[in-house]
Amino acid sequence: MKLYKQKKSNIDKRGLFATKNIKRGTRIIEYKGKIITKKETEKNLKFDNDKDIYLFNLNSRYDLDGDYSWNTARLINHSCNPNCEVEGKGLKLWIISIKDIKKNEEFSYDYGFGYDINYKQFPCKCAAKNCCGYIVREGSRWRIKNKKNLIYNFF
Ligand SMILES: [Zn+2]
C-alpha cells in the first residue's frame, strides 16, 4: 500500500497526504528524476532562474532534475514547519519523515530557498505558526522577521 495520495491542498493546488499513520524516519516516496551532469545544468536555459524548485544537487558531478510529471514527489509542498526532508542515498533521493505523521496529514519539506531580493515572488501559505510568509529556508528566515520588526518599530 502506498503511504501517500494526491489531494487538493490548502498550501498549493495539490499536495501529497498520508494514507496512514507514519513513524518518524520512514521513506515515504522516492524523489524521481533524470540524472544530469553539472555541465548540462549550466547549459540548460530551463535552470536559468533564481529558484530551481525541482533541481537537486546529488554530488559534485551530478544533479537530479525532478521536473517531470512522473515524479509524483514533486507535488509535495514547502512548509515552514515541515514533517519531511529530502535525503540522498547514492544517486537516489527519498522523502523521509522527520516527525511522526498522522493519517491524512499533508507531507511537506523545506524547499531550502536562500534569502535574496526576490523572495517576495514566492509567498508561503503553509499556515504554520512560525511561517514567515515566504518560501525561504529555515536558516535565512530571520532576515525576513527582522525586516518585519523594523517596520513595526518604525511606526
Ligand atoms: Zn510558511
# chains A, B, ... in the order shown; residues from 1 in each chain; ligands from 1
$ residues_around --residues "A:Glu138" --least-positions-apart "2" --cutoff "8 Å" --atoms "only C-alpha atoms" --output "PDB file with N, CA and C atoms, in the first residue's frame"
ATOM      1  N   CYS A  80       7.021  25.897   6.401  1.00  0.00           N
ATOM      2  CA  CYS A  80       7.998  26.474   7.338  1.00  0.00           C
ATOM      3  C   CYS A  80       8.124  25.594   8.586  1.00  0.00           C
ATOM      4  N   ASP A 110      11.139  21.541   3.642  1.00  0.00           N
ATOM      5  CA  ASP A 110      11.669  22.892   3.477  1.00  0.00           C
ATOM      6  C   ASP A 110      12.353  22.965   2.114  1.00  0.00           C
ATOM      7  N   GLY A 112      14.209  25.039   0.943  1.00  0.00           N
ATOM      8  CA  GLY A 112      15.606  25.435   1.078  1.00  0.00           C
ATOM      9  C   GLY A 112      16.020  26.636   0.250  1.00  0.00           C
ATOM     10  N   VAL A 136      11.284  30.526   2.191  1.00  0.00           N
ATOM     11  CA  VAL A 136      12.703  30.784   2.423  1.00  0.00           C
ATOM     12  C   VAL A 136      13.194  29.751   3.421  1.00  0.00           C
ATOM     13  N   SER A 140      17.531  31.147   6.932  1.00  0.00           N
ATOM     14  CA  SER A 140      17.532  32.519   6.403  1.00  0.00           C
ATOM     15  C   SER A 140      16.277  33.308   6.777  1.00  0.00           C
ATOM     16  N   ARG A 141      15.339  32.658   7.478  1.00  0.00           N
ATOM     17  CA  ARG A 141      14.055  33.340   7.723  1.00  0.00           C
ATOM     18  C   ARG A 141      14.165  34.517   8.669  1.00  0.00           C
TER      19      ARG A 141
END
$ residues_near_ligand --ligand "ligand 1" --cutoff "7 Å" --atoms "only C-alpha atoms and all ligand atoms" --output "PyMOL selection string"
chain A and resi 79-80+124-128+131-135
$ write_last_selection --atoms "C-alpha atoms" --output "mmCIF file, in the first residue's frame"
data_model
loop_
_atom_site.group_PDB
_atom_site.id
_atom_site.type_symbol
_atom_site.label_atom_id
_atom_site.label_comp_id
_atom_site.auth_asym_id
_atom_site.auth_seq_id
_atom_site.Cartn_x
_atom_site.Cartn_y
_atom_site.Cartn_z
ATOM 1 C CA SER A 79 6.244 24.282 4.774
ATOM 2 C CA CYS A 80 7.998 26.474 7.338
ATOM 3 C CA CYS A 124 4.169 30.758 1.545
ATOM 4 C CA LYS A 125 0.694 29.625 2.529
ATOM 5 C CA CYS A 126 1.708 26.810 4.861
ATOM 6 C CA ALA A 127 -0.149 28.347 7.852
ATOM 7 C CA ALA A 128 2.437 27.055 10.341
ATOM 8 C CA CYS A 131 5.510 30.817 8.908
ATOM 9 C CA CYS A 132 7.465 33.865 7.768
ATOM 10 C CA GLY A 133 5.112 34.401 4.815
ATOM 11 C CA TYR A 134 7.591 33.414 2.157
ATOM 12 C CA ILE A 135 9.278 30.251 0.917
#
$ residues_around --residues "A:Glu105" --least-positions-apart "5" --cutoff "10 Å" --atoms "only C-alpha atoms" --output "number ranges by chain"
A: 4, 16-22, 83
$ write_last_selection --atoms "N, CA and C atoms" --output "short mmCIF file (atom, residue, chain, number, x, y, z; two decimals), in the first residue's frame"
data_model
loop_
_atom_site.label_atom_id
_atom_site.label_comp_id
_atom_site.auth_asym_id
_atom_site.auth_seq_id
_atom_site.Cartn_x
_atom_site.Cartn_y
_atom_site.Cartn_z
N TYR A 4 1.17 7.42 0.42
CA TYR A 4 0.78 8.79 0.02
C TYR A 4 -0.37 8.75 -0.98
N LEU A 16 0.61 16.01 -1.43
CA LEU A 16 0.59 14.59 -1.10
C LEU A 16 0.25 14.44 0.38
N PHE A 17 -0.59 13.47 0.67
CA PHE A 17 -1.11 13.28 2.02
C PHE A 17 -0.89 11.83 2.47
N ALA A 18 -0.76 11.66 3.78
CA ALA A 18 -0.51 10.34 4.36
C ALA A 18 -1.77 9.48 4.28
N THR A 19 -1.61 8.22 3.86
CA THR A 19 -2.76 7.30 3.80
C THR A 19 -2.91 6.53 5.12
N LYS A 20 -1.91 6.66 6.00
CA LYS A 20 -1.99 6.03 7.31
C LYS A 20 -1.02 6.71 8.26
N ASN A 21 -1.08 6.35 9.53
CA ASN A 21 -0.11 6.90 10.49
C ASN A 21 1.29 6.42 10.11
N ILE A 22 2.24 7.33 10.15
CA ILE A 22 3.61 7.00 9.72
C ILE A 22 4.60 7.43 10.81
N ASN A 83 7.27 18.26 7.92
CA ASN A 83 7.30 16.95 8.58
C ASN A 83 8.18 15.95 7.82
#
$ closest_residue --among "A:Trp142, A:Tyr119, A:Tyr31, A:Tyr111" --to "A:Asn71" --atoms "only C-alpha atoms"
A:Tyr31
$ residues_around --residues "A:Asp100" --least-positions-apart "2" --cutoff "7 Å" --atoms "only C-alpha atoms" --output "PyMOL selection string"
chain A and resi 22-24+102
$ write_last_selection --atoms "C-alpha atoms" --output "short mmCIF file (atom, residue, chain, number, x, y, z; two decimals), in the first residue's frame"
data_model
loop_
_atom_site.label_atom_id
_atom_site.label_comp_id
_atom_site.auth_asym_id
_atom_site.auth_seq_id
_atom_site.Cartn_x
_atom_site.Cartn_y
_atom_site.Cartn_z
CA ILE A 22 3.61 7.00 9.72
CA LYS A 23 6.55 6.84 12.11
CA ARG A 24 9.42 9.27 12.03
CA LYS A 102 -0.92 11.20 11.22
#
$ select_by_dssp --residues "stretch 111-150 of chain A" --states "alpha helix (DSSP H)" --output "ChimeraX atom specification"
/A:141-150
$ write_last_selection --atoms "C-alpha atoms" --output "PDB file, in the first residue's frame"
ATOM      1  CA  ARG A 141      14.055  33.340   7.723  1.00  0.00           C
ATOM      2  CA  TRP A 142      15.328  35.585  10.499  1.00  0.00           C
ATOM      3  CA  ARG A 143      16.195  38.145   7.861  1.00  0.00           C
ATOM      4  CA  ILE A 144      12.556  38.462   6.934  1.00  0.00           C
ATOM      5  CA  LYS A 145      11.403  38.553  10.559  1.00  0.00           C
ATOM      6  CA  ASN A 146      13.919  41.296  11.247  1.00  0.00           C
ATOM      7  CA  LYS A 147      12.508  43.255   8.361  1.00  0.00           C
ATOM      8  CA  LYS A 148       9.021  42.965   9.785  1.00  0.00           C
ATOM      9  CA  ASN A 149      10.305  44.157  13.159  1.00  0.00           C
ATOM     10  CA  LEU A 150      11.929  47.132  11.544  1.00  0.00           C
TER      11      LEU A 150
END
$ select_by_dssp --residues "chain A" --states "strand (DSSP E)" --output "short mmCIF file (atom, residue, chain, number, x, y, z; two decimals) with C-alpha atoms, in the first residue's frame"
data_model
loop_
_atom_site.label_atom_id
_atom_site.label_comp_id
_atom_site.auth_asym_id
_atom_site.auth_seq_id
_atom_site.Cartn_x
_atom_site.Cartn_y
_atom_site.Cartn_z
CA TYR A 4 0.78 8.79 0.02
CA LYS A 5 -2.11 10.01 -2.06
CA GLN A 6 -2.71 13.16 -4.11
CA LYS A 7 -5.30 15.59 -2.86
CA LYS A 8 -6.29 19.21 -3.07
CA ARG A 14 -2.34 19.85 -4.92
CA GLY A 15 -0.28 18.05 -2.34
CA LEU A 16 0.59 14.59 -1.10
CA PHE A 17 -1.11 13.28 2.02
CA ALA A 18 -0.51 10.34 4.36
CA ARG A 27 10.83 6.51 3.49
CA ILE A 28 7.64 7.99 2.03
CA ILE A 29 8.38 8.17 -1.68
CA GLU A 30 11.35 8.33 -3.98
CA TYR A 31 12.02 11.73 -5.49
CA LYS A 34 16.71 12.50 -14.61
CA ILE A 35 20.31 12.50 -13.51
CA ILE A 36 22.24 15.18 -15.32
CA THR A 37 25.77 16.46 -15.08
CA LEU A 55 16.67 20.64 -9.18
CA PHE A 56 18.69 18.78 -6.57
CA ASN A 57 22.41 18.55 -6.06
CA TYR A 62 25.59 15.22 -10.84
CA ASP A 63 22.26 16.95 -10.30
CA LEU A 64 18.80 15.45 -10.39
CA ASP A 65 16.13 17.19 -12.43
CA ASN A 77 4.66 21.42 -0.87
CA HIS A 78 7.01 23.61 1.13
CA CYS A 84 9.70 15.54 5.94
CA GLU A 85 13.08 16.15 4.41
CA VAL A 86 14.86 15.05 1.26
CA GLU A 87 17.61 12.53 1.85
CA GLY A 88 20.19 11.41 -0.68
CA LYS A 89 21.39 7.80 -0.87
CA LYS A 92 18.74 8.39 -5.30
CA LEU A 93 16.65 10.86 -3.37
CA TRP A 94 14.00 9.93 -0.86
CA ILE A 95 11.39 11.90 1.01
CA ILE A 96 11.80 10.82 4.65
CA SER A 97 9.52 11.67 7.56
CA SER A 108 5.90 18.90 3.38
CA TYR A 109 9.57 19.75 3.38
#
$ closest_residue --among "A:Leu3, A:Leu45, A:Ile11, A:Leu58" --to "A:Gly33" --atoms "only C-alpha atoms"
A:Leu58
$ closest_residue --among "A:Phe113, A:Gly66, A:Arg137, A:Met1" --to "A:Lys32" --atoms "only C-alpha atoms"
A:Gly66
$ atom_distance --atom1 "atom CA of A:Gln121" --atom2 "atom CA of A:Phe47"
16.9 Å
$ closest_residue --among "A:Tyr115, A:Phe107, A:Tyr54, A:Phe122" --to "A:Asn81" --atoms "only C-alpha atoms"
A:Phe107
$ decode --residues "stretch 54-152 of chain A" --atoms "C-alpha atoms" --output "PDB file, in the first residue's frame"
ATOM      1  CA  TYR A  54      12.897  20.654  -8.842  1.00  0.00           C
ATOM      2  CA  LEU A  55      16.669  20.641  -9.184  1.00  0.00           C
ATOM      3  CA  PHE A  56      18.689  18.777  -6.569  1.00  0.00           C
ATOM      4  CA  ASN A  57      22.408  18.551  -6.058  1.00  0.00           C
ATOM      5  CA  LEU A  58      23.400  14.858  -5.838  1.00  0.00           C
ATOM      6  CA  ASN A  59      27.161  15.239  -5.578  1.00  0.00           C
ATOM      7  CA  SER A  60      29.993  17.273  -7.056  1.00  0.00           C
ATOM      8  CA  ARG A  61      29.292  15.856 -10.520  1.00  0.00           C
ATOM      9  CA  TYR A  62      25.586  15.215 -10.843  1.00  0.00           C
ATOM     10  CA  ASP A  63      22.259  16.947 -10.298  1.00  0.00           C
ATOM     11  CA  LEU A  64      18.804  15.454 -10.385  1.00  0.00           C
ATOM     12  CA  ASP A  65      16.126  17.195 -12.433  1.00  0.00           C
ATOM     13  CA  GLY A  66      12.748  16.209 -10.992  1.00  0.00           C
ATOM     14  CA  ASP A  67      10.651  18.422 -13.215  1.00  0.00           C
ATOM     15  CA  TYR A  68       8.662  15.582 -14.780  1.00  0.00           C
ATOM     16  CA  SER A  69       5.014  14.657 -14.391  1.00  0.00           C
ATOM     17  CA  TRP A  70       6.031  11.090 -13.482  1.00  0.00           C
ATOM     18  CA  ASN A  71       7.837  12.400 -10.436  1.00  0.00           C
ATOM     19  CA  THR A  72       4.892  12.312  -8.033  1.00  0.00           C
ATOM     20  CA  ALA A  73       7.063  13.577  -5.165  1.00  0.00           C
ATOM     21  CA  ARG A  74       7.265  16.971  -6.810  1.00  0.00           C
ATOM     22  CA  LEU A  75       3.698  17.604  -5.638  1.00  0.00           C
ATOM     23  CA  ILE A  76       4.938  17.834  -2.048  1.00  0.00           C
ATOM     24  CA  ASN A  77       4.655  21.418  -0.875  1.00  0.00           C
ATOM     25  CA  HIS A  78       7.009  23.607   1.129  1.00  0.00           C
ATOM     26  CA  SER A  79       6.244  24.282   4.774  1.00  0.00           C
ATOM     27  CA  CYS A  80       7.998  26.474   7.338  1.00  0.00           C
ATOM     28  CA  ASN A  81       7.300  23.659   9.823  1.00  0.00           C
ATOM     29  CA  PRO A  82       7.854  20.590   7.658  1.00  0.00           C
ATOM     30  CA  ASN A  83       7.305  16.948   8.577  1.00  0.00           C
ATOM     31  CA  CYS A  84       9.696  15.539   5.938  1.00  0.00           C
ATOM     32  CA  GLU A  85      13.079  16.154   4.407  1.00  0.00           C
ATOM     33  CA  VAL A  86      14.861  15.050   1.258  1.00  0.00           C
ATOM     34  CA  GLU A  87      17.612  12.525   1.853  1.00  0.00           C
ATOM     35  CA  GLY A  88      20.187  11.409  -0.682  1.00  0.00           C
ATOM     36  CA  LYS A  89      21.387   7.804  -0.873  1.00  0.00           C
ATOM     37  CA  GLY A  90      23.910   7.393  -3.642  1.00  0.00           C
ATOM     38  CA  LEU A  91      22.233   8.816  -6.733  1.00  0.00           C
ATOM     39  CA  LYS A  92      18.741   8.389  -5.301  1.00  0.00           C
ATOM     40  CA  LEU A  93      16.655  10.857  -3.366  1.00  0.00           C
ATOM     41  CA  TRP A  94      13.999   9.926  -0.856  1.00  0.00           C
ATOM     42  CA  ILE A  95      11.395  11.900   1.009  1.00  0.00           C
ATOM     43  CA  ILE A  96      11.805  10.824   4.646  1.00  0.00           C
ATOM     44  CA  SER A  97       9.516  11.667   7.564  1.00  0.00           C
ATOM     45  CA  ILE A  98      11.271  13.688  10.281  1.00  0.00           C
ATOM     46  CA  LYS A  99       8.256  13.513  12.617  1.00  0.00           C
ATOM     47  CA  ASP A 100       5.502  11.030  13.343  1.00  0.00           C
ATOM     48  CA  ILE A 101       2.808  11.839  10.793  1.00  0.00           C
ATOM     49  CA  LYS A 102      -0.916  11.199  11.216  1.00  0.00           C
ATOM     50  CA  LYS A 103      -3.177   9.733   8.572  1.00  0.00           C
ATOM     51  CA  ASN A 104      -4.475  12.472   6.199  1.00  0.00           C
ATOM     52  CA  GLU A 105      -1.749  14.932   7.213  1.00  0.00           C
ATOM     53  CA  GLU A 106      -0.076  16.679   4.311  1.00  0.00           C
ATOM     54  CA  PHE A 107       3.597  15.909   3.637  1.00  0.00           C
ATOM     55  CA  SER A 108       5.902  18.898   3.382  1.00  0.00           C
ATOM     56  CA  TYR A 109       9.569  19.750   3.382  1.00  0.00           C
ATOM     57  CA  ASP A 110      11.669  22.892   3.477  1.00  0.00           C
ATOM     58  CA  TYR A 111      12.391  23.865  -0.135  1.00  0.00           C
ATOM     59  CA  GLY A 112      15.606  25.435   1.078  1.00  0.00           C
ATOM     60  CA  PHE A 113      15.432  28.645  -0.922  1.00  0.00           C
ATOM     61  CA  GLY A 114      18.022  31.144   0.154  1.00  0.00           C
ATOM     62  CA  TYR A 115      17.089  34.659   1.103  1.00  0.00           C
ATOM     63  CA  ASP A 116      17.519  37.105  -1.726  1.00  0.00           C
ATOM     64  CA  ILE A 117      15.933  40.175  -3.125  1.00  0.00           C
ATOM     65  CA  ASN A 118      13.294  38.135  -4.974  1.00  0.00           C
ATOM     66  CA  TYR A 119      11.877  36.267  -2.009  1.00  0.00           C
ATOM     67  CA  LYS A 120       8.571  38.155  -2.301  1.00  0.00           C
ATOM     68  CA  GLN A 121       7.834  36.287  -5.529  1.00  0.00           C
ATOM     69  CA  PHE A 122       7.352  33.133  -3.511  1.00  0.00           C
ATOM     70  CA  PRO A 123       4.707  33.675  -0.840  1.00  0.00           C
ATOM     71  CA  CYS A 124       4.169  30.758   1.545  1.00  0.00           C
ATOM     72  CA  LYS A 125       0.694  29.625   2.529  1.00  0.00           C
ATOM     73  CA  CYS A 126       1.708  26.810   4.861  1.00  0.00           C
ATOM     74  CA  ALA A 127      -0.149  28.347   7.852  1.00  0.00           C
ATOM     75  CA  ALA A 128       2.437  27.055  10.341  1.00  0.00           C
ATOM     76  CA  LYS A 129       2.770  29.168  13.496  1.00  0.00           C
ATOM     77  CA  ASN A 130       6.336  30.041  12.556  1.00  0.00           C
ATOM     78  CA  CYS A 131       5.510  30.817   8.908  1.00  0.00           C
ATOM     79  CA  CYS A 132       7.465  33.865   7.768  1.00  0.00           C
ATOM     80  CA  GLY A 133       5.112  34.401   4.815  1.00  0.00           C
ATOM     81  CA  TYR A 134       7.591  33.414   2.157  1.00  0.00           C
ATOM     82  CA  ILE A 135       9.278  30.251   0.917  1.00  0.00           C
ATOM     83  CA  VAL A 136      12.703  30.784   2.423  1.00  0.00           C
ATOM     84  CA  ARG A 137      14.877  28.175   4.106  1.00  0.00           C
ATOM     85  CA  GLU A 138      14.849  27.995   7.864  1.00  0.00           C
ATOM     86  CA  GLY A 139      18.366  29.353   8.340  1.00  0.00           C
ATOM     87  CA  SER A 140      17.532  32.519   6.403  1.00  0.00           C
ATOM     88  CA  ARG A 141      14.055  33.340   7.723  1.00  0.00           C
ATOM     89  CA  TRP A 142      15.328  35.585  10.499  1.00  0.00           C
ATOM     90  CA  ARG A 143      16.195  38.145   7.861  1.00  0.00           C
ATOM     91  CA  ILE A 144      12.556  38.462   6.934  1.00  0.00           C
ATOM     92  CA  LYS A 145      11.403  38.553  10.559  1.00  0.00           C
ATOM     93  CA  ASN A 146      13.919  41.296  11.247  1.00  0.00           C
ATOM     94  CA  LYS A 147      12.508  43.255   8.361  1.00  0.00           C
ATOM     95  CA  LYS A 148       9.021  42.965   9.785  1.00  0.00           C
ATOM     96  CA  ASN A 149      10.305  44.157  13.159  1.00  0.00           C
ATOM     97  CA  LEU A 150      11.929  47.132  11.544  1.00  0.00           C
ATOM     98  CA  ILE A 151       8.638  48.128  10.021  1.00  0.00           C
ATOM     99  CA  TYR A 152       6.791  47.756  13.335  1.00  0.00           C
TER     100      TYR A 152
END
